[in-house]
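Before any comments, here is the structure.
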Amino acid sequence: MKNKYDVVIIGSGIIGSLTARYLSRYNLSVLVVEKEIDVGMCPSSANSAIIHAGYDPKPGTMKAEMNAKGNRIWHSLAPELGIVFEKTGSLVVATSEDDVSKLKQLQEQAAANNIPGVEILDKEQLKTREPLINPEAVAALWAPTAAVLDPFGAVLAAAENAVANGVTYLFETEFTDFIIDSGRITGIRTTKGDFICRRVINAAGLYADEVTRKAGARIDFSITPRKGSYLIFDPMKITLKNVIFPVPSEMGKGILASTTTHGNVLIGPNNEACDGKNDTATGEDGLMEVFNGAKRLIPSLDLKNVIAQYCGVRAKGNGTGDFIVEKASEVQGLINLLGIESPGFASAPAIALRVIELLKESGEKLEEKPDWNPVRKPFPHFHRMSNVERKKLIAKNPAYGRIVCRCEEITEGEILDAIHSPVPARTYDGIKRRTWMGTGRCQGAFDYPRVIAILSRELGIPAEEVTKKGKGSELVYRGTKECAQ
Ligand SMILES: Cc1cc2nc3c(=O)[nH]c(=O)nc-3n(C[C@H](O)[C@H](O)[C@H](O)COP(=O)(O)OP(=O)(O)OC[C@H]3O[C@@H](n4cnc5c(N)ncnc54)[C@H](O)[C@@H]3O)c2cc1C
């Protein structure tokens, strides 16, 4: 294994992966180290999936600048990387005259942040845009540039494009320390050995405070994790057209109701204390808080139609709460990306491009590769195809004719694509996140045995070693009878 790189990125969330993708444009050897078994495990895959328009952050902050730029970039970046991206726009809904004055303040903030097209809709216009809205709603702030995407799909697309352009990813490889010589970083230590490098980008998300402290930089910065729970509804029972927020409060943007790129209704998040950075457990109290909050926006939501729940963990930084995107001043060779909480996803392309600028300012000579390919072609998605397209695909490869997940119509061909992709899926969840297998009404009841058998065959491991999301999450103890083929 090569152990010398120009740049090492710690973390393969959306920030690390987009930074890797933009860096892959230059003649540099780039390594991404990730402690988990896959890219974008959390929070980059467990969030509200909204590319916020950018009216919400306080004008003049790094958050405001990055959100506005990031939103603009996503509109062209998503098609370039083959990411499913729905230009929904977003609504902030007022239910009282007091709320309406807050909408006006948000509209002024939108103007200060240079967000285009933001206007206030009256009751009738709101009802036309979102027929299921609470009849007590009196007005709404409409931000047309907001969008929703598949967050894991976006991280994966960035990582696949980075790998296609020469970046190396190492999984289950945890950064443990820096190697520092005369005040300059010369390498990192990991659970898979040492790597020599000139520059390190700290994109460790929730753990970025622990990473920077190891370099003796920003030692007062700390992250307090805060949980946000979500519920997902059966799209056969209820659908929405928009992203719908309540009027924001001191506590944040509030519990929202939104459509997803897969047509489900998503509601959440609340704001709960965490039992550690790994605590993604959902509980009845938190989920009921989410449900009751979202019902104020969409009264027809019915608990009977919930098909899934999950929880994401916010990287809440101390201090001003603004993003920190900077060259460390205490040690040479380190770029810190700290406190990247919401709107971190919307801001991610702008943050990644800012990292490139910081590298240039540090004296890094960035020569463009003549053969850099910015385009990533997604694998076929059977569910989204017409019957004519499906027929052609099956004629090319009969594996696309074998349905493994009935609810979402995911085929064996798509599962094989996921396992043999440039950033390969090696677990059940890895396939689920790439293909959306197991996310429908039956929540995997039908596909589990089939997918275990396929993973076992393709990875050349016994079924007992197939895991849900890495070591310790094995799915079967021993065989009782043959798994369904
Ligand atoms: C509930 C919730 C809702 C949100 N909703 C939105 C939204 O709608 N829109 C929006 O714009 N933003 C939203 N966000 C914020 C957004 O999700 C984050 O800002 C973004 O995902 C942060 O990405 P990241 O790459 O910085 O961090 P992460 O996703 O945390 O990635 C960091 C990576 O570093 C790895 N890592 C950590 N330590 C080490 C180590 N020692 N060695 C190796 N690897 C390491 C981790 O395993 C992880 O994969 C939301 C966040 C939450 C929690």
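Scheme for the structure tokens: letters A, B, ... for chains in order shown; per-chain residue numbers from 1; ligand numbers from 1 in order shown.
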Can you work out which residues are within 7 Å of ligand 1, considering only C-alpha atoms and all ligand atoms, and then hand them over as an MDAnalysis selection string? chainID A and resid 10:16 33:36 39:52 173:176 203:208 211 227:229 269 311:315 340:347
Can you tell me, as a list in words, what residues are no more than 6 Å from stretch 323-335 of chain A when counting only C-alpha atoms, ignoring any on the same chain fewer than 6 positions away? Met62, Lys63, Gly183, Arg184, Ile185, Arg199, Val200, Ile201 and Ala217 of chain A
Produce a table with one row for each residue of stretch 138-199 of chain A that has an atom at most 10 Å from any atom of stretch 431-454 of chain A, each row naming the nearest atom pair and its distance in Å at one decimal; use only C-alpha atoms; arrange rows by chain and rising residue number; format as CSV.
```
residue,atom,partner,partner_atom,distance
A:Asp150,CA,A:Arg433,CA,9.3
A:Pro151,CA,A:Arg433,CA,9.6
A:Phe152,CA,A:Arg433,CA,6.6
A:Gly153,CA,A:Arg434,CA,6.5
A:Leu156,CA,A:Arg434,CA,8.0
A:Ala157,CA,A:Arg434,CA,9.9
```
Output file for the residues above (N, CA and C atoms, as a PDB file, in the first residue's frame):
```pdb
ATOM      1  N   ASP A 150     -30.815  13.369  -2.793  1.00  0.00           N
ATOM      2  CA  ASP A 150     -30.566  12.162  -2.011  1.00  0.00           C
ATOM      3  C   ASP A 150     -29.181  12.360  -1.391  1.00  0.00           C
ATOM      4  N   PRO A 151     -29.098  12.627  -0.065  1.00  0.00           N
ATOM      5  CA  PRO A 151     -27.794  13.019   0.486  1.00  0.00           C
ATOM      6  C   PRO A 151     -26.723  11.947   0.352  1.00  0.00           C
ATOM      7  N   PHE A 152     -27.068  10.683   0.625  1.00  0.00           N
ATOM      8  CA  PHE A 152     -26.032   9.654   0.464  1.00  0.00           C
ATOM      9  C   PHE A 152     -25.608   9.578  -1.003  1.00  0.00           C
ATOM     10  N   GLY A 153     -26.601   9.638  -1.909  1.00  0.00           N
ATOM     11  CA  GLY A 153     -26.297   9.578  -3.348  1.00  0.00           C
ATOM     12  C   GLY A 153     -25.339  10.693  -3.747  1.00  0.00           C
ATOM     13  N   LEU A 156     -21.806   9.814  -2.416  1.00  0.00           N
ATOM     14  CA  LEU A 156     -21.270   8.724  -3.243  1.00  0.00           C
ATOM     15  C   LEU A 156     -20.830   9.245  -4.618  1.00  0.00           C
ATOM     16  N   ALA A 157     -21.664  10.086  -5.214  1.00  0.00           N
ATOM     17  CA  ALA A 157     -21.346  10.609  -6.552  1.00  0.00           C
ATOM     18  C   ALA A 157     -20.033  11.389  -6.507  1.00  0.00           C
TER      19      ALA A 157
END
```
Write out as an MDAnalysis selection string which residues come within 12 Å of A:Lys471 when counting only C-alpha atoms, dropping same-chain ones fewer than 5 positions away. chainID A and resid 36:37 172 426:427 464:466
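If you look at atom CA of A:Asn3 and atom CA of A:Asp194, they are 7.0 Å away from each other.
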As a list in words, please: the residues near A:Ile255 (cut-off 7 Å, only C-alpha atoms, same-chain neighbours under 3 positions excluded). Phe245, Pro246, Ile267, Gly268, Pro269, Asn270, Val290, Gly293 and Ala294 of chain A
Kindly export the residues of the current selection with C-alpha atoms, as an mmCIF file, in the first residue's frame.
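So result-v4.cif came out as:
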```cif
data_model
loop_
_atom_site.group_PDB
_atom_site.id
_atom_site.type_symbol
_atom_site.label_atom_id
_atom_site.label_comp_id
_atom_site.auth_asym_id
_atom_site.auth_seq_id
_atom_site.Cartn_x
_atom_site.Cartn_y
_atom_site.Cartn_z
ATOM 1 C CA PHE A 245 -40.890 25.034 7.374
ATOM 2 C CA PRO A 246 -42.587 26.710 10.322
ATOM 3 C CA ILE A 267 -40.916 15.080 8.830
ATOM 4 C CA GLY A 268 -38.427 16.250 11.460
ATOM 5 C CA PRO A 269 -36.014 17.020 13.008
ATOM 6 C CA ASN A 270 -36.458 17.828 16.708
ATOM 7 C CA VAL A 290 -41.692 15.435 15.592
ATOM 8 C CA GLY A 293 -44.752 19.536 15.327
ATOM 9 C CA ALA A 294 -45.271 18.535 11.682
#
```
Would you please give, as an MDAnalysis selection string, all residues of stretch 193-379 of chain A that DSSP assigns to strand (DSSP E) based on the backbone? chainID A and resid 193:196 199:202 223:233 243:246 256:259 265:268 272:273 306:317 324:327 334:338
Would you return as a PyMOL selection string the members of stretch 150-197 of chain A that DSSP assigns to alpha helix (DSSP H) on this structure's backbone? chain A and resi 151-164
Preceding selection exported with N, CA and C atoms as a compact mmCIF listing (two decimals), in the first residue's frame:
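Result file is result16.txt:
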```txt
# COMPACT_ATOMS: atom_id res chain seq x y z
N PRO A 151 -29.10 12.63 -0.06
CA PRO A 151 -27.79 13.02 0.49
C PRO A 151 -26.72 11.95 0.35
N PHE A 152 -27.07 10.68 0.62
CA PHE A 152 -26.03 9.65 0.46
C PHE A 152 -25.61 9.58 -1.00
N GLY A 153 -26.60 9.64 -1.91
CA GLY A 153 -26.30 9.58 -3.35
C GLY A 153 -25.34 10.69 -3.75
N ALA A 154 -25.48 11.84 -3.11
CA ALA A 154 -24.61 12.98 -3.44
C ALA A 154 -23.18 12.73 -2.95
N VAL A 155 -23.04 12.20 -1.72
CA VAL A 155 -21.69 11.90 -1.20
C VAL A 155 -21.04 10.85 -2.10
N LEU A 156 -21.81 9.81 -2.42
CA LEU A 156 -21.27 8.72 -3.24
C LEU A 156 -20.83 9.25 -4.62
N ALA A 157 -21.66 10.09 -5.21
CA ALA A 157 -21.35 10.61 -6.55
C ALA A 157 -20.03 11.39 -6.51
N ALA A 158 -19.87 12.22 -5.48
CA ALA A 158 -18.63 13.01 -5.36
C ALA A 158 -17.44 12.07 -5.19
N ALA A 159 -17.61 11.05 -4.34
CA ALA A 159 -16.51 10.10 -4.07
C ALA A 159 -16.18 9.30 -5.32
N GLU A 160 -17.20 8.84 -6.03
CA GLU A 160 -16.95 8.04 -7.25
C GLU A 160 -16.21 8.88 -8.29
N ASN A 161 -16.60 10.16 -8.43
CA ASN A 161 -15.94 11.02 -9.40
C ASN A 161 -14.49 11.29 -8.98
N ALA A 162 -14.28 11.44 -7.66
CA ALA A 162 -12.91 11.65 -7.15
C ALA A 162 -12.06 10.42 -7.46
N VAL A 163 -12.59 9.23 -7.19
CA VAL A 163 -11.84 7.98 -7.44
C VAL A 163 -11.55 7.82 -8.94
N ALA A 164 -12.56 8.12 -9.76
CA ALA A 164 -12.36 8.01 -11.22
C ALA A 164 -11.23 8.93 -11.68
```
Produce a table with one row for each residue of stretch 191-299 of chain A that has an atom at most 10 Å from any atom of stretch 101-118 of chain A, each row naming the nearest atom pair and its distance in Å at one decimal; use only C-alpha atoms; arrange rows by chain and rising residue number; format as JSON lines.
```
{"residue": "A:Val247", "atom": "CA", "partner": "A:Lys102", "partner_atom": "CA", "distance": 7.2}
{"residue": "A:Pro248", "atom": "CA", "partner": "A:Lys102", "partner_atom": "CA", "distance": 8.5}
{"residue": "A:Ser249", "atom": "CA", "partner": "A:Lys102", "partner_atom": "CA", "distance": 9.8}
```
